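Notes to accompany the following structure.
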Amino acid sequence: MSASARQSAAAIAAAVHAGRTSAVAVAEETMARIEAYDAVQPQIWISRAARDDLVSAARAIDARVAAGEVLPLAGVPFAVKDNIDVAGFDTTAACPAFAYRPEASATVVERLLAAGALCVGKTNLDQFATGLNGTRSPYGSPRNAYNLAYVSGGSSSGSSVAVAAGLVPLALGTDTAGSGRVPAAFNHLIGFKPSKGRWSTSGLVPACRTLDCITVFTNDTSGARIVDDVLAGFDPADPYSKTLANRPLGRKTIGVPRRDQRIWFGDSESEYLYDCTLETLAGLADIVAIDIAPLQEAAQLLYGGPWVAERTAAMVGILADNPDAVDKTVRQVVEQGVGMSAVDLFNGIYRLAQLKRHADMLWTGIDLLVFPTTGTTYRVAELLAAPVMLNSNLGVYTNFVNLLDMAAVAVPAGIRANATGFGITLIGPADSDRALLEAADAYIAASDLPSPPPLDLEGKVQTVKLAVVGAHLKDMPLHWQLTSRDARFIGAFETAPHYRLYAMADGVPPKPALVHSEDGGPIALEVYELGVAEFGSFVAEVPAPLAIGTVTLADGSSVKGFVAEPRAMTGAQDITSLGGWRAYMAQRD
């Protein structure tokens with residue numbers, strides 16, 4: 001099983017209509033895929049359709065096609081986040097004590113089924129859709145499909161992994177603070193978050209009812225378009241449903257955060273990938289750096305202001321009757337709403353109105369926003385150790401979108417060295433959904449992104465890239481310290497032109513010191529890859545005044561590498577002009 005097994009919803013439907021396959025055959029293949037992946041991550045599911053029921057539903061679709069019906073999603077399997085009602089399945093919201101059996105499916109599910117799609121099951125989530133990481137569920141923690149040590153993103157964790165692993169071509173999620181976008185970024189997916197009210201939320205267990213959106217994860221923008229064609233439209237059963245509208249967007253001016261407002265949480269790799277994205281976008285439109293402080297202030301209202309009380313209101317019954325059934329971290333978050341007053345709420349509403357007016361004025365000077373979807377990612381173990389702080393970090397670029405009534409589509413924008421995805425989100429005003437998908441197409445066409453990496457089916461060996469500049473170079477006296485740790489040679493490179501190289505005095509064997517300096521130059525080096533444990537043992541043996549820090553390469557990317565304390569300069573010879581240690585050693589010999 002690999003990422004190449006991913007399917008296109010449009011291709012499946014076309015094949016069923018053309019007779020090249022059947023809905024029954026697709027259903028059988030889908031069940032086989034799911035059963036095979038159960039050996040890797042069974043926890044992405046909370047419940048699944050029985051084989052006989054799924055095959056029976058597929059036969060009915062084949063009969064409809066044979067009778068001449070044109071079904072835009074004929075035979076297309078899909079998954080549903082388990083806070084959305086599907087008749088015949090319990091809705092749990094990842095809380096067994098809350099579970100109930102709905103009498104009818106949510107409007108969005110009914111519309112997908114009417115279009116010929118096959119519901120294969122209900123997916124895991126951060127309990128009550130409260131979280132952006134995927135670790136807050138009694139059913140287990142779905143993990144990143146490409147590196148099992150890392151979070152999948154949440155709260156739509158199971159839905160994102162089901163698509164990323166090639167089990168289904170589309171899956172419904174939800175999005176209040178970014179739950180339909182963060183998992184898309186981490187798993188190399190399209191995450192389409194429509195404008196509030198564009199898709200019905202009738203049959204959704206609310207998180208924040210005035211902000212909630214049902215979303216979809218797909219492998220491509222064509223899948224998102226097909227789903228939008230099927231789901232968009234007014235629903236009288238949903239008091240927040242709106243009449244369908246499509247607002248055009250120009251694509252001449254793109255707003256991005258000012259550099260001093262870009263928050264990366266120490267993740268230089270994400271910073272580098274975003275800079276690469278901006279270089280691509282600069283070929284498509286004018287890039288304008290904007291002050292995002294008002295957007296960040298709006299984002300704080302979601303969990304740091306009175307809107308947390310809306311989550312409390314949605315869970316008031318179980319919090320009163322069975323609080324121990326609620327995940328400890330989720331309870332910690334939503335109980336903050338108990339002390340919120342009506343005065344707090346109205347003051348929040350007034351401030352949000354001011355911030356929204358500011359946001360609306362942005363569209364007079366720019367056509368759309370392009371933000372990082374997240375500033376970093378984390379391992380599952382890290383999220384479990386610091387569940388609130390690190391989760392909050394994941395929402396820095398997402399929390400404001402629904403509060404300010406914006407549409408968004410998350411798209412892939414690069415692959416980290418650990419195989420997890422880096423993504424960007426295209427953001428526009430309400431009703432600009434289709435225009436955003438067109439803008440996403442233009443970016444994808446221009447970016448020439450690599451295909452997603454192979455799936456992680458067994459748990460990757462965690463590695464670190466290390467740059468060496470002197471005695472550890474190939475054929476140098478300390479190179480054995482790398483080969484004895486099975487280090488893999490990545491390549492020969494140069495630093496960015498902001499380093500100076502010194503030959504330290506009295507080193508045995510002779511050693512250089514690499515020092516960051518704005519008036520420096522490029523320095524030749526070699527990059528190796530080591531396992532995390534091997535890297536740790538290597539670092540433990542690095543003697544003062546040398547140390548391991550972060551070195552920027554000529555292309556702007558960063559790796560770990562040798563740096564030096566100031567005392568290394570005592571009596572040292574500046575050899576920067578030679579461009580590297582080999583040249584110095586050749587001259588010395």
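FYI, nothing fancy with the structure tokens labels: chains A, B, ... in order, residues from 1 per chain, ligands from 1 as they appear.
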- [ ] Could you pull out the residues in region 291-374 of chain A that DSSP calls helix (DSSP H, G or I) from the backbone, as a PyMOL selection string?
- [x] chain A and resi 293-304+308-314+316-321+323-325+328-339+342-362
Open item on the list: Give me, as a PyMOL selection string, all polymer residues having an atom no more than 10 Å from region 145-153 of chain A, counting only C-alpha atoms and skipping those fewer than 3 positions away in the same chain.
Closed with: chain A and resi 2-3+40-41+125-126+131-135+141-142+156-166+178-188+377-383+391+394+418-421+452-462
Open item on the list: Report, in Å to a single decimal, how far apart CA of Ile575 (chain A) and CA of Ala503 (chain A) are.
Closed with: 6.7 Å
TODO: Go through A:Gly470, A:Gly579, A:Gly531, A:Gly423 one by one, measure the shortest atom-to-atom distance of each to Phe562 (chain A) using only C-alpha atoms, and give the residue with the smallest value.
DONE: A:Gly470
Find the residues around Met340 (chain A) up to 7 Å (only C-alpha atoms counted), leave out those fewer than 2 positions away in its own chain, and share them as a compact mmCIF listing (two decimals) with all heavy atoms, in the first residue's frame.
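The resulting file, selection33.txt, is reproduced below:
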# COMPACT_ATOMS: atom_id res chain seq x y z
N PRO A 306 -15.40 34.68 25.08
CA PRO A 306 -16.70 34.10 25.44
C PRO A 306 -17.19 32.99 24.51
O PRO A 306 -18.14 32.29 24.85
CB PRO A 306 -17.64 35.30 25.39
CG PRO A 306 -16.97 36.30 24.50
CD PRO A 306 -15.51 36.11 24.72
N ALA A 309 -17.75 29.49 25.74
CA ALA A 309 -19.02 29.16 26.39
C ALA A 309 -19.99 28.51 25.42
O ALA A 309 -20.90 27.78 25.85
CB ALA A 309 -19.64 30.42 27.00
N GLY A 337 -15.97 27.90 30.11
CA GLY A 337 -17.15 28.64 29.70
C GLY A 337 -18.20 28.79 30.78
O GLY A 337 -19.09 29.64 30.67
N VAL A 338 -18.10 27.98 31.83
CA VAL A 338 -19.11 28.04 32.89
C VAL A 338 -19.13 29.41 33.55
O VAL A 338 -20.18 29.93 33.91
CB VAL A 338 -18.83 26.93 33.94
CG1 VAL A 338 -19.76 27.09 35.14
CG2 VAL A 338 -18.99 25.56 33.31
N ALA A 342 -23.19 36.93 30.48
CA ALA A 342 -23.80 37.56 29.31
C ALA A 342 -23.07 38.86 28.97
O ALA A 342 -22.95 39.23 27.80
CB ALA A 342 -25.28 37.82 29.56
N ASP A 344 -19.85 39.36 29.38
CA ASP A 344 -18.65 38.94 28.65
C ASP A 344 -18.99 38.65 27.19
O ASP A 344 -18.25 39.04 26.28
CB ASP A 344 -18.07 37.67 29.29
CG ASP A 344 -17.55 37.90 30.70
OD1 ASP A 344 -17.08 39.02 30.98
OD2 ASP A 344 -17.63 36.96 31.51
Task: Distance of CA of Val532 (chain A) from CA of Phe489 (chain A), expressed in Å to one decimal place - done: 15.5 Å
Residue contacts of Pro206 (chain A) (9 Å, only C-alpha atoms) excluding same-chain residues fewer than 6 positions away, as a PDB file with N, CA and C atoms, in the first residue's frame:
ATOM      1  N   ASN A  83     -19.192  12.914  14.429  1.00  0.00           N
ATOM      2  CA  ASN A  83     -20.086  13.891  15.059  1.00  0.00           C
ATOM      3  C   ASN A  83     -21.149  14.334  14.057  1.00  0.00           C
ATOM      4  N   PHE A 128     -15.773  15.532  20.952  1.00  0.00           N
ATOM      5  CA  PHE A 128     -16.649  16.694  20.772  1.00  0.00           C
ATOM      6  C   PHE A 128     -16.003  17.754  19.877  1.00  0.00           C
ATOM      7  N   ALA A 129     -15.143  17.276  18.960  1.00  0.00           N
ATOM      8  CA  ALA A 129     -14.493  18.165  17.991  1.00  0.00           C
ATOM      9  C   ALA A 129     -13.741  19.295  18.674  1.00  0.00           C
ATOM     10  N   ASP A 212     -19.729  26.519  13.272  1.00  0.00           N
ATOM     11  CA  ASP A 212     -19.404  25.209  12.709  1.00  0.00           C
ATOM     12  C   ASP A 212     -19.611  25.151  11.195  1.00  0.00           C
ATOM     13  N   ARG A 311     -19.119  26.224  23.264  1.00  0.00           N
ATOM     14  CA  ARG A 311     -18.786  24.802  23.398  1.00  0.00           C
ATOM     15  C   ARG A 311     -19.388  24.235  24.684  1.00  0.00           C
ATOM     16  N   ALA A 314     -22.986  23.433  24.236  1.00  0.00           N
ATOM     17  CA  ALA A 314     -23.230  22.226  23.447  1.00  0.00           C
ATOM     18  C   ALA A 314     -23.060  20.968  24.282  1.00  0.00           C
ATOM     19  N   MET A 315     -22.293  21.050  25.369  1.00  0.00           N
ATOM     20  CA  MET A 315     -21.981  19.871  26.176  1.00  0.00           C
ATOM     21  C   MET A 315     -22.571  19.946  27.573  1.00  0.00           C
TER      22      MET A 315
END
- [ ] Check the smallest atom-to-atom distance from each of A:Gly428, A:Gly305, A:Gly507, A:Pro372 to Phe346 (chain A) using only C-alpha atoms, then report the winner.
- [x] A:Gly305
Residues at most 12 Å from Ala13 (chain A), counting only C-alpha atoms, excluding those fewer than 2 positions away in the same chain, as a compact mmCIF listing (two decimals) with C-alpha atoms, in the first residue's frame?
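Result went into selection_0.txt, see below:
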# COMPACT_ATOMS: atom_id res chain seq x y z
CA GLN A 7 -8.12 7.47 -5.83
CA SER A 8 -10.02 10.25 -7.53
CA ALA A 9 -13.73 10.54 -6.83
CA ALA A 10 -14.32 11.81 -10.35
CA ALA A 11 -12.42 8.87 -11.89
CA ALA A 15 -15.57 4.38 -14.52
CA VAL A 16 -18.84 3.18 -12.96
CA HIS A 17 -20.89 5.11 -15.53
CA ALA A 18 -18.74 3.82 -18.40
CA GLY A 19 -19.05 0.24 -17.25
CA ARG A 20 -15.31 -0.17 -16.67
CA THR A 21 -16.12 -1.14 -13.10
CA SER A 22 -19.18 -1.37 -10.87
CA ALA A 23 -20.18 0.07 -7.54
CA VAL A 26 -15.50 -0.59 -5.82
CA ILE A 61 -26.32 2.19 -7.20
CA ASP A 62 -25.44 -0.11 -10.10
CA VAL A 65 -26.86 3.68 -13.26
CA VAL A 70 -26.52 10.19 -13.99
CA LEU A 71 -24.97 10.13 -10.53
CA PRO A 72 -22.06 12.53 -9.93
CA LEU A 73 -20.66 10.26 -7.19
CA ALA A 74 -21.68 6.86 -8.56
CA GLY A 75 -20.00 4.19 -6.45
CA VAL A 76 -17.66 6.62 -4.71
CA PRO A 77 -16.90 5.43 -1.16
CA ALA A 115 -25.65 11.37 -5.62
CA GLY A 116 -24.58 7.72 -5.62
CA ALA A 117 -21.88 7.71 -2.93
CA LEU A 118 -21.30 4.79 -0.54
CA PRO A 169 -11.26 9.26 -2.00
CA GLY A 223 -13.11 16.06 -5.68
CA ILE A 226 -17.90 17.64 -7.05
Task: Near-region 471-476 of chain A list (9 Å; only C-alpha atoms; drop same-chain fewer than 5 positions) as a ChimeraX atom specification - done: /A:481-482,509-512,525-526,581-582
TODO: Between A:Lys196, A:Arg258, A:Lys242, A:His479, single out the one closest to Ile292 (chain A), counting only C-alpha atoms.
DONE: A:Arg258
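Using only C-alpha atoms, the smallest distance between any of A:Val542, A:Ile318, A:Ile424, A:Ile490 and Ala97 (chain A) comes from A:Ile318.
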TODO: Go through region 204-425 of chain A and collect every residue that DSSP, computed from the backbone, puts in strand (DSSP E); the answer should be as an MDAnalysis selection string.
DONE: chainID A and resid 213:218 253:257 286:290 368:372 406:415 421:425
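Every protein, DNA or RNA residue with an atom at most 9 Å from Ala285 (chain A), where only C-alpha atoms count and chain neighbours fewer than 4 positions away do not, is listed here: Arg251, Lys252, Thr253, Ile254 and Leu281 of chain A.
Distances to Ala298 (chain A) were evaluated for A:Thr277, A:Asn402, A:Thr215, A:Ser432 using only C-alpha atoms, and the minimum falls at A:Asn402.
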